[in-house]
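*Asks:* So here's coords33.tsv (TSV, C-alpha atoms).
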```tsv
chain	number	residue	atom	x	y	z
A	289	MET	CA	57.83	8.33	-44.18
A	290	LYS	CA	54.88	6.35	-42.91
A	291	ILE	CA	57.24	3.57	-41.68
A	292	ILE	CA	59.30	6.12	-39.76
A	293	ASN	CA	56.15	7.55	-38.09
A	294	THR	CA	55.00	4.06	-37.10
A	295	ALA	CA	58.46	3.28	-35.67
A	296	HIS	CA	58.39	6.54	-33.66
A	297	PHE	CA	54.95	5.69	-32.39
A	298	LEU	CA	56.01	2.19	-31.33
A	299	ILE	CA	59.18	3.44	-29.64
A	300	THR	CA	57.14	6.04	-27.71
A	301	ILE	CA	54.71	3.34	-26.59
A	302	VAL	CA	57.57	1.07	-25.46
A	303	VAL	CA	59.27	3.93	-23.56
A	304	LEU	CA	56.00	4.87	-21.86
A	305	LEU	CA	55.34	1.26	-20.89
A	306	LEU	CA	58.87	0.95	-19.54
A	307	LEU	CA	58.48	4.15	-17.52
A	308	GLY	CA	55.14	2.96	-16.18
A	309	TYR	CA	56.69	-0.37	-15.18
A	310	LEU	CA	59.60	1.37	-13.41
A	311	ILE	CA	57.25	3.66	-11.51
A	312	PHE	CA	55.11	0.66	-10.56
A	313	GLN	CA	58.18	-1.22	-9.36
A	314	GLN	CA	59.31	1.80	-7.36
A	315	LYS	CA	55.91	1.98	-5.66
A	316	GLN	CA	55.90	-1.74	-4.97
A	317	THR	CA	59.36	-1.71	-3.38
A	318	LYS	CA	59.08	-1.13	0.34
A	319	ARG	CA	61.75	1.06	1.79
A	320	ILE	CA	63.24	-0.54	4.88
A	321	ALA	CA	65.85	0.64	7.38
A	322	VAL	CA	67.36	-0.84	10.53
A	323	VAL	CA	68.33	0.74	13.82
A	324	ASN	CA	70.43	-0.71	16.60
A	325	ALA	CA	68.09	0.07	19.48
A	326	GLN	CA	70.68	-0.66	22.18
A	327	VAL	CA	73.26	1.72	20.67
A	328	VAL	CA	70.59	4.42	20.24
A	329	LEU	CA	69.69	4.20	23.93
A	330	GLU	CA	73.33	4.18	25.07
A	331	LYS	CA	74.17	7.29	23.04
A	332	TYR	CA	70.94	9.22	23.47
A	333	ASP	CA	71.44	12.22	25.78
A	334	GLY	CA	67.85	11.89	26.99
A	335	PHE	CA	68.55	8.37	28.22
A	336	LYS	CA	71.80	9.46	29.89
A	337	GLU	CA	70.02	12.29	31.71
A	338	ALA	CA	67.19	9.98	32.80
A	339	GLN	CA	69.79	7.51	34.09
A	340	ASP	CA	71.59	10.27	36.05
A	341	LEU	CA	68.30	11.46	37.52
A	342	TYR	CA	67.39	7.90	38.55
A	343	GLU	CA	70.75	7.40	40.21
A	344	THR	CA	70.54	10.71	42.10
A	345	GLU	CA	67.06	9.99	43.38
A	346	THR	CA	67.72	6.37	44.35
A	347	LYS	CA	70.94	7.45	46.04
A	348	GLU	CA	68.96	9.86	48.22
A	349	MET	CA	66.47	7.12	49.10
A	350	ASN	CA	69.27	4.65	49.87
A	351	GLU	CA	70.93	7.17	52.16
A	352	ILE	CA	67.72	7.42	54.20
A	353	PHE	CA	67.58	3.62	54.40
A	354	GLU	CA	71.24	3.34	55.42
A	355	LYS	CA	70.70	5.90	58.22
A	356	GLN	CA	67.84	3.86	59.65
A	357	LYS	CA	69.84	0.66	59.32
A	358	LYS	CA	72.75	2.18	61.23
A	359	LEU	CA	70.37	3.37	63.93
A	360	TYR	CA	69.06	-0.18	64.32
A	361	GLU	CA	72.58	-1.63	64.46
A	362	SER	CA	73.68	0.87	67.08
A	363	LYS	CA	70.59	0.19	69.23
A	364	SER	CA	71.10	-3.54	68.82
A	365	ASN	CA	74.75	-3.26	69.94
A	366	GLU	CA	73.75	-1.02	72.84
A	367	LEU	CA	71.25	-3.65	74.00
A	368	LYS	CA	73.92	-6.36	73.87
A	369	ILE	CA	76.17	-4.25	76.10
A	370	ILE	CA	73.57	-3.30	78.70
A	371	SER	CA	71.59	-6.52	78.44
A	372	GLU	CA	73.15	-8.10	81.58
A	373	ARG	CA	72.34	-5.07	83.69
A	374	LEU	CA	68.66	-5.14	82.70
A	375	SER	CA	65.89	-7.04	84.36
A	376	ASN	CA	63.99	-9.62	82.29
A	377	ASN	CA	61.09	-7.25	81.84
A	378	GLU	CA	63.27	-4.33	80.80
A	379	ARG	CA	65.15	-6.55	78.35
A	380	LYS	CA	61.90	-7.78	76.81
A	381	VAL	CA	60.67	-4.19	76.36
A	382	LYS	CA	63.94	-3.17	74.70
A	383	GLU	CA	63.91	-6.25	72.46
A	384	GLY	CA	60.31	-5.46	71.49
A	385	GLU	CA	61.29	-1.89	70.55
A	386	LEU	CA	64.15	-3.25	68.51
A	387	GLU	CA	61.84	-5.66	66.67
A	388	ILE	CA	59.44	-2.83	65.82
A	389	LEU	CA	62.34	-0.74	64.49
A	390	LYS	CA	63.55	-3.71	62.44
A	391	ALA	CA	60.08	-4.22	60.93
A	392	LYS	CA	59.89	-0.51	60.07
A	393	ILE	CA	63.27	-0.68	58.33
A	394	VAL	CA	62.22	-3.74	56.33
A	395	GLN	CA	59.05	-1.89	55.32
A	396	LEU	CA	61.09	1.19	54.37
A	397	GLY	CA	63.38	-0.99	52.24
A	398	LYS	CA	60.41	-2.48	50.38
A	399	SER	CA	58.85	0.94	49.86
A	400	ILE	CA	62.15	2.34	48.52
A	401	GLU	CA	62.48	-0.62	46.18
A	402	GLU	CA	58.96	-0.05	44.83
A	403	LYS	CA	59.50	3.68	44.44
A	404	ALA	CA	62.80	3.10	42.62
A	405	LYS	CA	61.13	0.59	40.31
A	406	THR	CA	58.25	2.98	39.52
A	407	LYS	CA	60.70	5.83	38.98
A	408	GLU	CA	62.78	3.71	36.61
A	409	GLU	CA	59.68	2.65	34.65
A	410	ASP	CA	58.41	6.24	34.40
A	411	LEU	CA	61.76	7.58	33.24
A	412	LEU	CA	62.23	4.79	30.70
A	413	GLN	CA	58.69	5.24	29.39
A	414	GLY	CA	59.42	8.93	28.76
A	415	VAL	CA	62.64	8.03	26.92
A	416	TYR	CA	60.94	5.33	24.81
A	417	ASN	CA	58.08	7.69	23.93
A	418	LYS	CA	60.53	10.35	22.81
A	419	VAL	CA	62.52	7.89	20.69
A	420	ASN	CA	59.36	6.42	19.13
A	421	ASP	CA	58.01	9.88	18.37
A	422	PHE	CA	61.26	10.86	16.63
A	423	VAL	CA	61.55	7.58	14.69
A	424	GLU	CA	57.99	7.93	13.40
A	425	ARG	CA	58.63	11.49	12.19
A	426	TYR	CA	61.99	10.39	10.69
A	427	ALA	CA	60.31	7.55	8.77
A	428	LYS	CA	57.65	9.87	7.37
A	429	ALA	CA	60.18	12.57	6.43
A	430	ASN	CA	62.43	10.03	4.69
A	431	ASP	CA	59.65	8.07	3.03
A	432	LEU	CA	60.44	4.84	4.86
A	433	ASP	CA	57.84	2.08	5.09
A	434	LEU	CA	59.47	0.07	7.85
A	435	ILE	CA	62.15	0.62	10.46
A	436	GLU	CA	63.37	-2.52	12.21
A	437	GLY	CA	65.01	-2.30	15.62
A	438	THR	CA	67.94	-4.67	16.07
A	439	THR	CA	69.02	-5.98	19.46
A	440	ALA	CA	71.73	-8.44	20.53
A	441	SER	CA	69.15	-11.18	21.04
A	442	GLY	CA	66.91	-10.13	18.11
A	443	ASN	CA	66.03	-11.87	14.86
A	444	ILE	CA	67.95	-9.68	12.39
A	445	MET	CA	71.24	-11.44	11.63
A	446	TYR	CA	72.60	-8.99	9.06
A	447	ALA	CA	71.81	-5.61	7.57
A	448	SER	CA	74.01	-3.69	5.15
A	449	ASP	CA	75.37	-0.28	6.17
A	450	ALA	CA	73.32	1.28	3.40
A	451	ILE	CA	70.09	0.70	5.34
A	452	ASN	CA	71.55	1.16	8.82
A	453	ILE	CA	70.29	4.52	10.09
A	454	THR	CA	71.45	4.15	13.73
A	455	ASN	CA	73.81	7.16	13.57
A	456	ASP	CA	71.22	9.35	11.86
A	457	ILE	CA	68.73	8.52	14.59
A	458	ILE	CA	71.24	9.22	17.40
A	459	ASN	CA	72.33	12.54	15.85
A	460	GLY	CA	68.76	13.62	15.17
A	461	LEU	CA	67.57	12.68	18.65
A	462	ASN	CA	70.43	14.47	20.39
A	463	LYS	CA	70.02	17.58	18.25
A	464	GLU	CA	66.32	17.67	18.97
A	465	TYR	CA	66.91	17.06	22.68
A	466	VAL	CA	68.59	20.46	22.92
A	467	GLU	CA	67.02	22.42	20.08
A	468	GLY	CA	63.51	21.03	20.28
A	469	VAL	CA	61.25	19.83	17.47
A	470	LYS	CA	61.50	21.81	14.25
A	471	GLU	CA	58.35	22.33	12.24
B	239	MET	CA	76.57	56.12	-14.57
B	240	LEU	CA	75.00	52.66	-14.49
B	241	LYS	CA	77.81	51.52	-12.23
B	242	GLY	CA	77.08	54.40	-9.83
B	243	LEU	CA	73.37	53.53	-9.77
B	244	LYS	CA	74.19	49.90	-9.02
B	245	SER	CA	76.39	50.93	-6.07
B	246	SER	CA	73.63	53.18	-4.69
B	247	VAL	CA	71.05	50.39	-4.89
B	248	LEU	CA	73.48	48.00	-3.21
B	249	LEU	CA	74.16	50.54	-0.44
B	250	LEU	CA	70.42	51.04	0.09
B	251	LEU	CA	69.88	47.29	0.32
B	252	ILE	CA	72.68	46.94	2.88
B	253	ILE	CA	71.20	49.77	4.99
B	254	LEU	CA	67.71	48.29	4.80
B	255	SER	CA	68.88	44.80	5.74
B	256	GLY	CA	70.78	46.27	8.71
B	257	CYS	CA	67.64	47.86	10.17
B	258	SER	CA	65.66	45.71	12.60
B	259	SER	CA	62.17	44.79	11.48
B	260	SER	CA	59.20	46.74	12.66
B	261	VAL	CA	55.65	45.78	13.59
B	262	THR	CA	52.75	48.20	13.64
B	263	THR	CA	49.90	46.23	15.22
B	264	GLU	CA	49.48	43.91	18.20
B	265	LYS	CA	48.28	41.20	15.82
B	266	GLU	CA	51.50	41.45	13.84
B	267	PHE	CA	53.48	41.38	17.08
B	268	LEU	CA	51.78	38.14	18.21
B	269	LYS	CA	52.40	36.60	14.80
B	270	TRP	CA	56.05	37.60	15.02
B	271	LEU	CA	56.38	36.04	18.50
B	272	GLY	CA	54.85	32.80	17.21
B	273	ASP	CA	57.30	32.49	14.31
B	274	ALA	CA	59.74	29.70	15.31
B	275	ASN	CA	62.57	31.42	13.37
B	276	ASN	CA	62.57	34.30	15.85
B	277	GLY	CA	63.54	32.00	18.74
B	278	PHE	CA	60.64	32.77	21.08
B	279	VAL	CA	58.99	29.35	20.74
B	280	LYS	CA	60.54	25.94	21.41
B	281	LYS	CA	58.73	22.66	20.96
B	282	ASN	CA	58.93	19.06	22.12
B	283	SER	CA	56.76	16.08	21.33
B	284	ALA	CA	56.25	12.57	22.66
B	285	ASN	CA	53.44	10.16	23.46
B	286	GLY	CA	51.05	12.09	21.20
B	287	PHE	CA	51.57	15.30	23.17
B	288	LEU	CA	52.98	18.50	21.74
B	289	LEU	CA	54.63	20.78	24.30
B	290	ALA	CA	55.26	24.34	23.13
B	291	MET	CA	57.15	26.74	25.38
B	292	LYS	CA	56.83	30.40	24.42
B	293	TYR	CA	58.83	33.26	25.90
B	294	LEU	CA	56.60	36.22	26.69
B	295	PRO	CA	58.66	39.41	26.57
B	296	ALA	CA	58.04	42.30	28.96
B	297	GLU	CA	56.63	44.31	26.05
B	298	TYR	CA	53.96	41.68	25.39
B	299	LEU	CA	53.05	41.45	29.08
B	300	ALA	CA	52.90	45.26	29.28
B	301	LEU	CA	50.47	45.44	26.35
B	302	ASN	CA	48.34	42.74	27.95
B	303	GLU	CA	48.29	44.47	31.30
B	304	MET	CA	47.53	47.86	29.74
B	305	GLY	CA	44.57	46.26	27.97
B	306	LYS	CA	43.27	44.88	31.26
B	307	ASP	CA	43.74	48.24	32.99
B	308	GLU	CA	42.15	50.03	30.02
B	309	LYS	CA	45.16	52.30	29.59
B	310	THR	CA	45.61	52.81	25.89
B	311	GLU	CA	47.93	55.85	25.86
B	312	GLY	CA	51.43	55.03	24.66
B	313	THR	CA	52.95	57.06	27.50
B	314	TYR	CA	52.12	54.28	29.96
B	315	PHE	CA	53.90	51.63	27.89
B	316	GLU	CA	57.45	52.09	29.25
B	317	GLU	CA	56.10	52.23	32.80
B	318	TYR	CA	54.40	48.87	32.34
B	319	VAL	CA	57.41	47.35	30.57
B	320	ALA	CA	59.63	48.29	33.53
B	321	LYS	CA	57.38	46.19	35.82
B	322	PHE	CA	58.21	43.02	33.90
B	323	LYS	CA	61.84	43.67	32.92
B	324	ASN	CA	63.38	41.94	35.93
B	325	SER	CA	61.81	38.56	35.36
B	326	ARG	CA	61.32	36.01	32.59
B	327	THR	CA	57.81	34.78	31.83
B	328	PHE	CA	57.03	31.70	29.75
B	329	LEU	CA	53.87	30.01	28.56
B	330	LEU	CA	53.79	26.23	28.21
B	331	THR	CA	50.99	25.00	25.96
B	332	ILE	CA	50.19	21.29	26.04
B	333	SER	CA	48.04	19.67	23.37
B	334	ASN	CA	47.45	16.15	22.07
B	335	GLU	CA	47.04	14.79	18.55
B	336	ASN	CA	43.95	12.93	19.78
B	337	ALA	CA	41.09	15.42	20.18
B	338	ASN	CA	39.71	13.51	23.19
B	339	VAL	CA	42.96	13.55	25.15
B	340	ASP	CA	44.44	16.47	27.02
B	341	ALA	CA	46.78	17.07	29.93
B	342	SER	CA	43.93	17.07	32.43
B	343	ASN	CA	42.41	13.69	31.47
B	344	TYR	CA	45.41	11.63	30.33
B	345	ASN	CA	45.78	8.52	32.56
B	346	VAL	CA	42.96	9.78	34.77
B	347	ALA	CA	40.47	7.15	35.94
B	348	ASN	CA	37.91	9.08	37.97
B	349	LEU	CA	36.76	12.48	39.17
B	350	ARG	CA	39.03	12.39	42.23
B	351	GLU	CA	42.07	11.80	40.03
B	352	TYR	CA	40.87	14.51	37.64
B	353	ASN	CA	40.69	17.04	40.48
B	354	GLN	CA	44.15	15.97	41.60
B	355	ARG	CA	45.49	16.43	38.06
B	356	ILE	CA	44.08	19.94	37.87
B	357	LYS	CA	45.77	20.76	41.18
B	358	ASP	CA	49.03	19.18	39.96
B	359	LEU	CA	48.99	21.16	36.71
B	360	SER	CA	48.22	24.38	38.54
B	361	PHE	CA	50.54	24.09	41.53
B	362	ALA	CA	52.60	20.88	41.85
B	363	ILE	CA	54.00	21.42	38.35
B	364	LYS	CA	56.18	24.09	39.94
B	365	LYS	CA	58.37	21.30	41.32
B	366	SER	CA	58.68	19.68	37.90
B	367	LEU	CA	60.01	22.84	36.26
B	368	VAL	CA	63.47	24.27	36.58
B	369	LEU	CA	65.35	27.00	34.74
B	370	LYS	CA	69.08	26.45	34.20
B	371	THR	CA	71.24	29.46	33.40
B	372	SER	CA	74.52	29.50	31.43
B	373	SER	CA	76.50	29.17	34.67
B	374	GLY	CA	74.56	26.03	35.64
B	375	LYS	CA	72.53	27.63	38.43
B	376	LYS	CA	69.03	26.24	38.80
B	377	TYR	CA	65.87	28.17	39.63
B	378	GLU	CA	62.34	27.01	40.32
B	379	PRO	CA	59.55	29.26	39.05
B	380	VAL	CA	58.29	31.78	41.60
B	381	LEU	CA	54.84	31.44	40.12
B	382	THR	CA	52.94	28.93	37.98
B	383	THR	CA	49.31	29.16	36.99
B	384	MET	CA	47.17	27.17	34.62
B	385	GLU	CA	44.88	28.92	32.21
B	386	ASN	CA	42.01	26.60	31.38
B	387	LEU	CA	40.63	28.48	28.41
B	388	TYR	CA	41.13	25.95	25.67
B	389	GLU	CA	38.89	23.07	26.78
B	390	ILE	CA	37.37	22.71	23.30
B	391	ALA	CA	40.72	22.73	21.53
B	392	ASN	CA	42.09	20.18	24.08
B	393	LYS	CA	44.84	22.56	25.05
B	394	LYS	CA	46.16	23.48	28.47
B	395	ALA	CA	48.27	26.56	29.02
B	396	ILE	CA	50.57	27.04	32.00
B	397	TYR	CA	52.22	30.35	32.76
B	398	MET	CA	55.45	30.44	34.73
B	399	VAL	CA	57.58	33.27	36.03
B	400	PHE	CA	61.28	33.05	36.95
B	401	THR	CA	63.13	35.77	38.77
B	402	ASP	CA	66.05	36.25	41.16
B	403	ASP	CA	67.57	39.12	43.13
B	404	GLN	CA	71.00	38.84	41.50
B	405	LYS	CA	69.49	39.22	38.00
B	406	GLU	CA	71.32	36.08	36.91
B	407	ILE	CA	68.21	34.97	35.03
B	408	VAL	CA	67.72	38.13	32.97
B	409	ASN	CA	71.44	38.36	32.19
B	410	SER	CA	72.06	34.71	31.33
B	411	ASP	CA	73.05	34.07	27.69
B	412	ARG	CA	71.25	30.75	27.67
B	413	LEU	CA	68.04	29.79	29.42
B	414	ASP	CA	67.29	26.08	29.56
B	415	ILE	CA	63.85	25.34	30.95
B	416	VAL	CA	63.63	21.71	31.97
B	417	PHE	CA	60.25	20.08	32.44
B	418	HIS	CA	60.51	16.75	34.27
B	419	ASP	CA	57.12	15.48	33.17
B	420	GLU	CA	55.54	13.25	35.80
B	421	PHE	CA	52.03	13.36	34.36
B	422	LEU	CA	52.02	12.72	30.60
B	423	ASP	CA	54.86	10.21	29.98
B	424	THR	CA	56.77	12.63	27.77
B	425	GLY	CA	59.96	12.31	29.83
B	426	ILE	CA	62.48	15.07	30.39
B	427	ASN	CA	61.87	18.06	28.12
B	428	HIS	CA	64.39	20.81	27.43
B	429	PHE	CA	63.39	24.19	26.01
B	430	VAL	CA	66.54	26.18	25.30
B	431	PHE	CA	66.33	29.92	24.64
B	432	GLN	CA	69.14	32.25	23.62
B	433	LYS	CA	69.27	35.72	25.20
B	434	GLU	CA	70.48	37.31	21.95
B	435	LYS	CA	67.29	36.05	20.29
B	436	ILE	CA	64.70	36.73	22.97
B	437	ASP	CA	66.06	40.19	23.76
B	438	ASN	CA	65.97	41.16	20.11
B	439	LEU	CA	62.44	42.39	19.56
B	440	PRO	CA	61.36	44.23	16.42
B	441	ASN	CA	60.58	47.94	16.66
B	442	LEU	CA	57.07	48.33	18.03
B	443	ASN	CA	55.32	51.22	16.32
B	444	PHE	CA	51.74	50.84	17.52
B	445	ASN	CA	49.40	53.74	16.89
```
Output the file's structure in the form of structure tokens.
*Replies:*
Amino acid sequence: MKIINTAHFLITIVVLLLLGYLIFQQKQTKRIAVVNAQVVLEKYDGFKEAQDLYETETKEMNEIFEKQKKLYESKSNELKIISERLSNNERKVKEGELEILKAKIVQLGKSIEEKAKTKEEDLLQGVYNKVNDFVERYAKANDLDLIEGTTASGNIMYASDAINITNDIINGLNKEYVEGVKE
Amino acid sequence: MLKGLKSSVLLLLIILSGCSSSVTTEKEFLKWLGDANNGFVKKNSANGFLLAMKYLPAEYLALNEMGKDEKTEGTYFEEYVAKFKNSRTFLLTISNENANVDASNYNVANLREYNQRIKDLSFAIKKSLVLKTSSGKKYEPVLTTMENLYEIANKKAIYMVFTDDQKEIVNSDRLDIVFHDEFLDTGINHFVFQKEKIDNLPNLNFN
């Protein structure tokens, strides 16, 4: 009877130690997932909308530029036609006006370029901030310690499908884009 | 007999579940409006900011206005509600997870920029907000105003009112409020409300 009790005691100790070891191992193991950042961006509705908005706004700016460019070209052609009928002085005045117009158009072009660049940066920043915010909440909700972003030129050469959460991220982001953040 | 009793209980439960809920105090009403399950609040977050858009029904605005006008008799209620029935009013609350950051000081370097931000949040924000109806029509708010009451809690609250003569806004099944954020780097934010939800208030039985 005493032998049986001792055996029970030893078995219980071994089981407890084993359980403790497993729990320790579980805690030590870092949970990692990978996301294809490029695919997320391509399929994220927020990115698509930002892209559309950028294109609409730059199109409007380009139309203004093209109008001014056409005005310059038409004035330049007009001067070529009437040039022979003008006196030297008159021609110089017209050429001066044309130069001023040209400089203004060049300035407008630069300003449009800068505005477009700023707009693009602002829109992208908003998209990145939204994606980062979602990924952080996703990691916390799913008890992940690390989420790696893969890109075509990145360092991750292979990741198994089991830890690839790209589709989950895309679906979650797009759902949240319409329905908002759930508490 | 037991079978009959069971059927009666079941019938009673069905009847009770069919009845719309009822609130008896203003406090309860506000709590009900704040419950995300009732569809009156939609949230977005990015860059440390939390943006919460709340639909304020005509009944809520009427109670508020009655309080200001010191008219407590229930007979005035319908009269006040009618004033707000042809428009949709929303409240956008902006807060940040960092207690030292709020919409008025984010990315602001000096007092001049701070004053500009306050003006932007009060007036220029009108151009960054648009309401899209089910048919795709877009409307800018007819009024936006910032309520700067939450300085300590680093919150900013912006009221906005949308209305149109054709009543497209009040009749639309879906209201998508789009905030093209140009101040806080939170990007494009959608707050989508369903008419069937926001027009389904509980019974208000205030004494």
*Asks:* Between chain B and chain A, at 10 Å or less, what are the per-residue closest atom pairs and their distances in Å? Count all atoms listed in the file, order by chain and rising residue number, and return it as a tab-separated table.
*Replies:*
```
residue	atom	partner	partner_atom	distance
B:Ala274	CA	A:Glu471	CA	8.1
B:Asn275	CA	A:Lys470	CA	9.7
B:Val279	CA	A:Gly468	CA	9.5
B:Lys280	CA	A:Gly468	CA	5.8
B:Lys281	CA	A:Gly468	CA	5.1
B:Asn282	CA	A:Val469	CA	5.3
B:Ser283	CA	A:Asp421	CA	7.0
B:Ala284	CA	A:Lys418	CA	4.8
B:Asn285	CA	A:Asn417	CA	5.3
B:Gly286	CA	A:Asp421	CA	7.8
B:Phe287	CA	A:Asp421	CA	9.7
B:Leu288	CA	A:Val469	CA	9.4
B:Leu289	CA	A:Val469	CA	9.6
B:Ala290	CA	A:Gly468	CA	9.3
B:Met291	CA	A:Gly468	CA	10.0
B:Asp414	CA	A:Val466	CA	8.8
B:His418	CA	A:Leu411	CA	9.3
B:Asp419	CA	A:Gly414	CA	8.2
B:Glu420	CA	A:Asp410	CA	7.7
B:Phe421	CA	A:Asp410	CA	9.6
B:Leu422	CA	A:Gly414	CA	8.5
B:Asp423	CA	A:Gly414	CA	4.9
B:Thr424	CA	A:Gly414	CA	4.7
B:Gly425	CA	A:Gly414	CA	3.6
B:Ile426	CA	A:Gly414	CA	7.1
B:Asn427	CA	A:Tyr465	CA	7.5
B:His428	CA	A:Val466	CA	6.2
B:Phe429	CA	A:Gly468	CA	6.5
B:Val430	CA	A:Glu467	CA	6.5
B:Phe431	CA	A:Glu467	CA	8.8
```
*Asks:* Suppose we keep C-alpha atoms; can you now write the selection as a compact mmCIF listing (two decimals), keeping the file's coordinate frame?
*Replies:*
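The resulting file, out24.txt, is reproduced below:
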```txt
# COMPACT_ATOMS: atom_id res chain seq x y z
CA ALA B 274 59.74 29.70 15.31
CA ASN B 275 62.57 31.42 13.37
CA VAL B 279 58.99 29.35 20.74
CA LYS B 280 60.54 25.94 21.41
CA LYS B 281 58.73 22.66 20.96
CA ASN B 282 58.93 19.06 22.12
CA SER B 283 56.76 16.08 21.33
CA ALA B 284 56.25 12.57 22.66
CA ASN B 285 53.44 10.16 23.46
CA GLY B 286 51.05 12.09 21.20
CA PHE B 287 51.57 15.30 23.17
CA LEU B 288 52.98 18.50 21.74
CA LEU B 289 54.63 20.78 24.30
CA ALA B 290 55.26 24.34 23.13
CA MET B 291 57.15 26.74 25.38
CA ASP B 414 67.29 26.08 29.56
CA HIS B 418 60.51 16.75 34.27
CA ASP B 419 57.12 15.48 33.17
CA GLU B 420 55.54 13.25 35.80
CA PHE B 421 52.03 13.36 34.36
CA LEU B 422 52.02 12.72 30.60
CA ASP B 423 54.86 10.21 29.98
CA THR B 424 56.77 12.63 27.77
CA GLY B 425 59.96 12.31 29.83
CA ILE B 426 62.48 15.07 30.39
CA ASN B 427 61.87 18.06 28.12
CA HIS B 428 64.39 20.81 27.43
CA PHE B 429 63.39 24.19 26.01
CA VAL B 430 66.54 26.18 25.30
CA PHE B 431 66.33 29.92 24.64
```
*Asks:* Counting all atoms listed in the file, select every polymer residue within 7 Å of (65.5, -2.9, 11.9) as defined in the file's coordinates, and provide the selection as a ChimeraX atom specification.
*Replies:* /A:321-323,435-438
*Asks:* Determine, counting all atoms listed in the file, which protein, DNA and RNA residues have an atom within 12 Å of an atom of A:Leu367; residues of the same chain fewer than 3 positions away are not included. Present the result as a list in words.
*Replies:*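 Using all atoms listed in the file, the neighbours found are Tyr360, Glu361, Ser362, Lys363, Ser364, Ile370, Ser371, Glu372, Arg373, Leu374, Glu378, Arg379, Lys380, Val381, Lys382, Glu383, Gly384, Glu385 and Leu386 of chain A.
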*Asks:* What is the atom CA of B:Asn302-atom CA of B:Leu367 distance in Å, reported with one decimal?
*Replies:*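 Straight-line distance from atom CA of B:Asn302 to atom CA of B:Leu367 works out to 24.5 Å.
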*Asks:* Report the centre and edge lengths, in Å to one decimal, of an axis-aligned box enclosing every atom of stretch 411-421 of chain A listed in the file, padded by 8 Å on each side, as JSON.
*Replies:*
```
{"center_x": 60.3, "center_y": 7.6, "center_z": 25.8, "size_x": 20.6, "size_y": 21.6, "size_z": 30.9}
```
*Asks:* Can you work out the spacing between atom CA of A:Lys368 and atom CA of A:Lys390 in Å, to one decimal?
*Replies:*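 Distance reported for this atom pair: 15.7 Å.
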*Asks:* Using atom CA of A:Tyr446 and atom CA of A:Ala429 as the two end points, give the distance in Å to one decimal.
*Replies:*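 Between atom CA of A:Tyr446 and atom CA of A:Ala429 the gap is 25.0 Å.
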*Asks:* Write out as a list in words which residues come within 8 Å of A:Leu434 when counting all atoms listed in the file, dropping same-chain ones fewer than 2 positions away.
*Replies:*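 With the cut-off at 8 Å, the set is Lys318, Arg319, Ile320, Ala321, Ala427, Leu432 and Glu436 of chain A.
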*Asks:* For B:Gly374, please output as a CSV table (one decimal) with C-alpha atoms, keeping the file's coordinate frame all residues within 12 Å (counting only C-alpha atoms; exclusion window: fewer than 4 positions along the same chain).
*Replies:*
```
chain,number,residue,atom,x,y,z
B,368,VAL,CA,63.5,24.3,36.6
B,369,LEU,CA,65.4,27.0,34.7
B,370,LYS,CA,69.1,26.4,34.2
B,406,GLU,CA,71.3,36.1,36.9
B,407,ILE,CA,68.2,35.0,35.0
B,410,SER,CA,72.1,34.7,31.3
B,411,ASP,CA,73.0,34.1,27.7
B,412,ARG,CA,71.2,30.8,27.7
B,413,LEU,CA,68.0,29.8,29.4
B,414,ASP,CA,67.3,26.1,29.6
B,415,ILE,CA,63.8,25.3,31.0
```
*Asks:* Kindly indicate which residue among A:Leu306, A:Ile301, A:Leu329, A:Ala404 lies nearest to A:Glu343, using all atoms listed in the file for the distances.
*Replies:* A:Ala404
*Asks:* Of the residues B:Asn392, B:Asn438, B:Thr401, B:Asn276, which is the one nearest to B:Asn338, using only C-alpha atoms?
*Replies:*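 The shortest atom-to-atom distance to B:Asn338 comes from B:Asn392.
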*Asks:* Which is closer to A:Lys405 than all the others in A:Val302, A:Leu359, A:Ser448, A:Thr346, using all atoms listed in the file?
*Replies:*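 Closest candidate: A:Thr346.
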